[in-house]
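Student: Pasting in a structure now, in structure tokens, and then I'll have a few things to ask.
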Amino acid sequence: MTPAARISAAIEVLQDIIERRRPAADALKDWGLSRRFAGSKDRAAIASLVYDALRRKASAGYAMASEEPRALVLGMLAGLRGLPLDEIAALFSGENHAPAPLSADETALLTAFSDEGAPDWVRADVPEWLWPSFHGGFGEAAMAEGQALAARAPIDLRVNRLKAGRDAVLKDLAHHQPETGAWSPDGLRFQPGHDGRGPSLQTEPGFFAGAFEVQDEGSQLVTLLAGARPGETVIDLCAGAGGKTLALAALMANRGSLYATDLDSRRLAPLHDRVARSGASIVEVRIPRSRGHEPLADVAGQADLVLVDAPCTGSGTWRRNPDAKWRVRPGALAERIKDQAEVLARAAKLVKPGGRIAYITCSMLPEENDEAIRAFLGRHPGFAPIAPIDVLKGAESDFSLLARFATEFGLQLSPRRTGTDGFYLACLQRGD
């Protein structure tokens, strides 16, 4: 496919996403299945165009005076990819499957392309209904934080200490030009190319050998700061596919007991193969038999650490899932707050006296972070927050610079602050 034909395809996929309010991944998959002529590079390039358009949906739509898919793509090409007018016009020629030529109005808007005068939520590319909450968490920096969330994300990996060292993996992947992580001692980073694509790390021999896992550096960092130690009894209460479970096993040096579970048993399906590949021998996956079943009842009150990777709106991952921020609705936030309260209550029953809860979200919203902790402490007076500075002091590496990002109860990471996805961590201790 020509670059212009790929743009036509991206407009078509965006139309499907917007009209049917469906996840971008589903729309892209269906488009590819129905058009077998498109090769893997074509599909990847089209996906990159679609996701880039969604990243800047509000600001591009404002600058182009329309939220139609064609306008969003035009705005993305000018605003995010920085293409000059003549290059855009050449792509929109109307020939050989290219989009129709630019109209006079489109040409004028691209010539004067700007989001000056737009509301703050538009310039930040944050949904309007979420802006008061987002602004409440970041104040004057909220616009810059939103714009950082609308940028492309790098690809990070975590070197698996159980099987490899970072220097060895760095050497093995030198052909992909990796960088060492800014924070995680186990992290490597790969920058996306001009088209937004990164290397295919999951086809590397080292991946199949279990030497590394793809994991955002922020996720690595909050897991490390949770403070799991060799020999402890640790529970990953919302394990999902197991990214943090595997990181915990490595931090524990395969010594102790590590239980992984999730209310949605389907999410645990990939974990078994990942555990086998990683060499983690201390992981025991507990699958709930029903919604009300507690698969960890036999270890209640025995855990040194319960890690709660709580269900949330996912606002901290908008760089990687830009369509998600436009699909989330006000009712979803209220549901997630309820879910967070329930999972924290479960954690409180599992942790032993003197033990700890590490509460993690991939959210940038205070309602899901500090306010969730405040509500928990009001309901569970037997727990006390561990000051963020003490959490940092207890870490294996010097993370004192992260103290700048302390909130009332925890730490807030973000693309702008730490160059990672947006993660929140608060640690709580049960009284003796």
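Labels used: A, B, ... for chains in the order of the structure tokens, numbers from 1 for residues in each chain, and numbers from 1 for ligands as shown.
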Enumerate, as an mmCIF file with N, CA, C and O atoms, in the first residue's frame, the complete set of residues in range 138-354 of chain A that a backbone-based DSSP assignment places in strand (DSSP E or B).
Tutor:
data_model
loop_
_atom_site.group_PDB
_atom_site.id
_atom_site.type_symbol
_atom_site.label_atom_id
_atom_site.label_comp_id
_atom_site.auth_asym_id
_atom_site.auth_seq_id
_atom_site.Cartn_x
_atom_site.Cartn_y
_atom_site.Cartn_z
ATOM 1 N N ILE A 155 9.059 1.787 24.340
ATOM 2 C CA ILE A 155 8.888 0.387 24.735
ATOM 3 C C ILE A 155 9.935 0.076 25.798
ATOM 4 O O ILE A 155 11.132 0.291 25.582
ATOM 5 N N ASP A 156 9.481 -0.392 26.946
ATOM 6 C CA ASP A 156 10.388 -0.740 28.039
ATOM 7 C C ASP A 156 10.372 -2.244 28.264
ATOM 8 O O ASP A 156 9.354 -2.910 28.037
ATOM 9 N N LEU A 157 11.480 -2.757 28.742
ATOM 10 C CA LEU A 157 11.505 -4.148 29.175
ATOM 11 C C LEU A 157 12.164 -4.246 30.542
ATOM 12 O O LEU A 157 12.924 -3.375 30.958
ATOM 13 N N ARG A 158 11.811 -5.313 31.242
ATOM 14 C CA ARG A 158 12.416 -5.612 32.546
ATOM 15 C C ARG A 158 13.286 -6.848 32.398
ATOM 16 O O ARG A 158 12.797 -7.916 32.010
ATOM 17 N N VAL A 159 14.563 -6.700 32.690
ATOM 18 C CA VAL A 159 15.461 -7.850 32.673
ATOM 19 C C VAL A 159 15.103 -8.758 33.850
ATOM 20 O O VAL A 159 14.922 -8.295 34.982
ATOM 21 N N GLU A 179 18.399 1.766 25.467
ATOM 22 C CA GLU A 179 18.933 2.678 26.473
ATOM 23 C C GLU A 179 18.683 2.044 27.839
ATOM 24 O O GLU A 179 17.721 1.302 28.015
ATOM 25 N N THR A 180 19.521 2.334 28.801
ATOM 26 C CA THR A 180 19.244 1.859 30.156
ATOM 27 C C THR A 180 18.133 2.719 30.757
ATOM 28 O O THR A 180 18.021 3.906 30.462
ATOM 29 N N GLY A 187 15.696 -2.064 34.023
ATOM 30 C CA GLY A 187 14.989 -1.565 32.863
ATOM 31 C C GLY A 187 15.863 -1.254 31.661
ATOM 32 O O GLY A 187 16.979 -0.758 31.791
ATOM 33 N N LEU A 188 15.342 -1.534 30.470
ATOM 34 C CA LEU A 188 15.904 -1.089 29.206
ATOM 35 C C LEU A 188 14.781 -0.425 28.416
ATOM 36 O O LEU A 188 13.616 -0.820 28.532
ATOM 37 N N ARG A 189 15.139 0.559 27.604
ATOM 38 C CA ARG A 189 14.141 1.341 26.868
ATOM 39 C C ARG A 189 14.499 1.422 25.393
ATOM 40 O O ARG A 189 15.672 1.538 25.021
ATOM 41 N N PHE A 190 13.445 1.403 24.563
ATOM 42 C CA PHE A 190 13.588 1.492 23.110
ATOM 43 C C PHE A 190 12.647 2.592 22.623
ATOM 44 O O PHE A 190 11.447 2.553 22.900
ATOM 45 N N PHE A 212 13.911 -11.633 29.648
ATOM 46 C CA PHE A 212 13.262 -10.341 29.886
ATOM 47 C C PHE A 212 11.779 -10.429 29.578
ATOM 48 O O PHE A 212 11.312 -11.347 28.909
ATOM 49 N N GLU A 213 11.046 -9.449 30.102
ATOM 50 C CA GLU A 213 9.628 -9.275 29.831
ATOM 51 C C GLU A 213 9.403 -7.825 29.438
ATOM 52 O O GLU A 213 10.075 -6.925 29.944
ATOM 53 N N VAL A 214 8.462 -7.582 28.546
ATOM 54 C CA VAL A 214 8.081 -6.213 28.197
ATOM 55 C C VAL A 214 7.241 -5.660 29.344
ATOM 56 O O VAL A 214 6.223 -6.247 29.709
ATOM 57 N N THR A 233 6.064 -13.987 52.649
ATOM 58 C CA THR A 233 4.821 -14.449 52.042
ATOM 59 C C THR A 233 4.171 -13.237 51.390
ATOM 60 O O THR A 233 3.832 -12.263 52.070
ATOM 61 N N VAL A 234 4.033 -13.298 50.082
ATOM 62 C CA VAL A 234 3.555 -12.151 49.300
ATOM 63 C C VAL A 234 2.360 -12.579 48.459
ATOM 64 O O VAL A 234 2.339 -13.684 47.918
ATOM 65 N N ILE A 235 1.373 -11.685 48.361
ATOM 66 C CA ILE A 235 0.181 -11.943 47.559
ATOM 67 C C ILE A 235 0.044 -10.847 46.510
ATOM 68 O O ILE A 235 0.100 -9.659 46.834
ATOM 69 N N ASP A 236 -0.118 -11.261 45.260
ATOM 70 C CA ASP A 236 -0.465 -10.335 44.177
ATOM 71 C C ASP A 236 -1.959 -10.535 43.948
ATOM 72 O O ASP A 236 -2.388 -11.490 43.309
ATOM 73 N N SER A 257 7.078 -17.381 49.529
ATOM 74 C CA SER A 257 5.825 -17.840 48.929
ATOM 75 C C SER A 257 5.170 -16.663 48.223
ATOM 76 O O SER A 257 5.040 -15.582 48.798
ATOM 77 N N LEU A 258 4.757 -16.877 46.999
ATOM 78 C CA LEU A 258 4.141 -15.819 46.199
ATOM 79 C C LEU A 258 2.856 -16.359 45.589
ATOM 80 O O LEU A 258 2.880 -17.276 44.772
ATOM 81 N N TYR A 259 1.733 -15.802 46.020
ATOM 82 C CA TYR A 259 0.426 -16.220 45.539
ATOM 83 C C TYR A 259 -0.093 -15.177 44.548
ATOM 84 O O TYR A 259 -0.022 -13.974 44.806
ATOM 85 N N ALA A 260 -0.623 -15.644 43.436
ATOM 86 C CA ALA A 260 -1.180 -14.760 42.415
ATOM 87 C C ALA A 260 -2.624 -15.146 42.155
ATOM 88 O O ALA A 260 -2.929 -16.323 41.935
ATOM 89 N N THR A 261 -3.505 -14.148 42.186
ATOM 90 C CA THR A 261 -4.913 -14.413 41.911
ATOM 91 C C THR A 261 -5.537 -13.183 41.278
ATOM 92 O O THR A 261 -4.922 -12.116 41.220
ATOM 93 N N VAL A 283 5.840 -19.162 42.557
ATOM 94 C CA VAL A 283 4.502 -18.635 42.241
ATOM 95 C C VAL A 283 3.462 -19.743 42.321
ATOM 96 O O VAL A 283 3.605 -20.801 41.708
ATOM 97 N N GLU A 284 2.408 -19.485 43.073
ATOM 98 C CA GLU A 284 1.252 -20.383 43.125
ATOM 99 C C GLU A 284 0.036 -19.595 42.665
ATOM 100 O O GLU A 284 -0.366 -18.620 43.303
ATOM 101 N N VAL A 285 -0.542 -19.994 41.537
ATOM 102 C CA VAL A 285 -1.701 -19.298 40.987
ATOM 103 C C VAL A 285 -2.962 -19.858 41.633
ATOM 104 O O VAL A 285 -3.197 -21.064 41.627
ATOM 105 N N ARG A 286 -3.749 -18.970 42.217
ATOM 106 C CA ARG A 286 -5.008 -19.353 42.845
ATOM 107 C C ARG A 286 -6.169 -18.811 42.009
ATOM 108 O O ARG A 286 -6.315 -17.589 41.854
ATOM 109 N N ALA A 303 0.042 -12.799 55.323
ATOM 110 C CA ALA A 303 0.896 -12.185 54.301
ATOM 111 C C ALA A 303 1.758 -11.060 54.867
ATOM 112 O O ALA A 303 1.276 -10.190 55.594
ATOM 113 N N ASP A 304 3.036 -11.083 54.505
ATOM 114 C CA ASP A 304 3.929 -9.963 54.831
ATOM 115 C C ASP A 304 3.611 -8.766 53.946
ATOM 116 O O ASP A 304 3.725 -7.607 54.379
ATOM 117 N N LEU A 305 3.224 -9.051 52.700
ATOM 118 C CA LEU A 305 2.919 -7.996 51.748
ATOM 119 C C LEU A 305 1.772 -8.448 50.856
ATOM 120 O O LEU A 305 1.800 -9.555 50.324
ATOM 121 N N VAL A 306 0.780 -7.574 50.710
ATOM 122 C CA VAL A 306 -0.277 -7.779 49.728
ATOM 123 C C VAL A 306 -0.167 -6.640 48.719
ATOM 124 O O VAL A 306 -0.316 -5.469 49.068
ATOM 125 N N LEU A 307 0.110 -6.992 47.482
ATOM 126 C CA LEU A 307 0.195 -6.000 46.422
ATOM 127 C C LEU A 307 -1.162 -5.915 45.734
ATOM 128 O O LEU A 307 -1.688 -6.917 45.255
ATOM 129 N N VAL A 308 -1.731 -4.713 45.732
ATOM 130 C CA VAL A 308 -3.044 -4.469 45.137
ATOM 131 C C VAL A 308 -2.856 -3.599 43.905
ATOM 132 O O VAL A 308 -2.680 -2.387 43.998
ATOM 133 N N ASP A 309 -2.832 -4.224 42.753
ATOM 134 C CA ASP A 309 -2.770 -3.497 41.482
ATOM 135 C C ASP A 309 -4.225 -3.250 41.076
ATOM 136 O O ASP A 309 -4.795 -3.978 40.282
ATOM 137 N N VAL A 351 -3.421 -9.521 55.111
ATOM 138 C CA VAL A 351 -2.130 -9.101 55.625
ATOM 139 C C VAL A 351 -2.019 -9.399 57.128
ATOM 140 O O VAL A 351 -3.002 -9.308 57.866
ATOM 141 N N LYS A 352 -0.847 -9.784 57.576
ATOM 142 C CA LYS A 352 -0.651 -10.127 58.981
ATOM 143 C C LYS A 352 -0.357 -8.870 59.802
ATOM 144 O O LYS A 352 -0.006 -7.815 59.242
ATOM 145 N N PRO A 353 -0.474 -8.929 61.112
ATOM 146 C CA PRO A 353 -0.082 -7.790 61.943
ATOM 147 C C PRO A 353 1.375 -7.402 61.662
ATOM 148 O O PRO A 353 2.256 -8.256 61.607
ATOM 149 N N GLY A 354 1.602 -6.128 61.436
ATOM 150 C CA GLY A 354 2.933 -5.654 61.075
ATOM 151 C C GLY A 354 3.229 -5.746 59.601
ATOM 152 O O GLY A 354 4.255 -5.239 59.126
#
Student: DSSP on the backbone: what in range 20-267 of chain A comes out alpha helix (DSSP H), as a ChimeraX atom specification?
Tutor: /A:20,24-33,40-55,57-63,69-79,85-91,104-111,120-124,131-138,142-149,166-172,205-208,217-225,243-251
Student: Closest to Ala25 in chain A among A:Val13, A:Ala71, A:Ala53, A:Ala108, using only C-alpha atoms?
Tutor: A:Val13
Student: Name the residues in contact with Lys163 in chain A at a cut-off of 9 Å, using only C-alpha atoms, excluding same-chain residues fewer than 6 positions from it; report them as a list in words.
Tutor: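 Using only C-alpha atoms, the neighbours found are Ala209, Gly210, Ala211, Phe212, Ser278 and Gly279 of chain A.
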Student: Which residues are close to Arg417 in chain A, i.e. within 10 Å by only C-alpha atoms, leaving aside same-chain residues fewer than 4 positions away? Reply as a PyMOL selection string.
Tutor: chain A and resi 145+148+402+404-405+412-413+421-422
Student: Nearest residue to Lys244 in chain A out of A:Ile360, A:Leu130, A:Leu333, A:Leu365, using only C-alpha atoms?
Tutor: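 Closest residue, counting only C-alpha atoms: A:Ile360.
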Student: What lies within 9 Å of range 378-380 of chain A using only C-alpha atoms, ignoring chain neighbours under 4 positions off, as number ranges by chain?
Tutor: A: 345, 348, 373-374, 384
Student: Can you pull out the residues contacting Arg255 in chain A? Cut-off 9 Å, using only C-alpha atoms, and skip same-chain residues under 4 positions away; I want them as a list in words.
Tutor: Arg229, Pro230, Gly231, Glu232, Ala249, Ser281 and Ile282 of chain A
Student: Within 12 Å of Pro330 in chain A, counting only C-alpha atoms, which residues qualify if same-chain residues fewer than 2 places away don't, as a list in words?
Tutor: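 Within the cut-off, the hits are Pro127, Glu128, Trp129, Leu130, Trp131, Ser133, Thr313, Lys325, Trp326, Arg327, Val328, Ala332, Leu333, Ala334, Glu335, Arg336 and Ile337 of chain A.
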Student: Could you tell me how far CA of Gly137 in chain A sits from CA of Ile357 in chain A, in Å to one decimal place?
Tutor: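 Computing it gives 23.0 Å between the two atoms.
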Student: Find the residue from A:Tyr424, A:Phe409, A:Phe399, A:Trp318 that sits nearest to Ala375 in chain A; use only C-alpha atoms when measuring.
Tutor: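 Among A:Tyr424, A:Phe409, A:Phe399, A:Trp318, it is A:Phe409 that comes nearest to Ala375 in chain A.
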Student: Which is closest to Gly146 in chain A among A:Arg123, A:Arg21, A:Arg346, A:Arg35, if we use only C-alpha atoms?
Tutor: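 For Gly146 in chain A, the nearest of the given residues is A:Arg123.
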Student: Do you have the CA of Met252 in chain A-CA of Pro295 in chain A distance handy?
Tutor: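 Between CA of Met252 in chain A and CA of Pro295 in chain A the gap works out to 22.4 Å.
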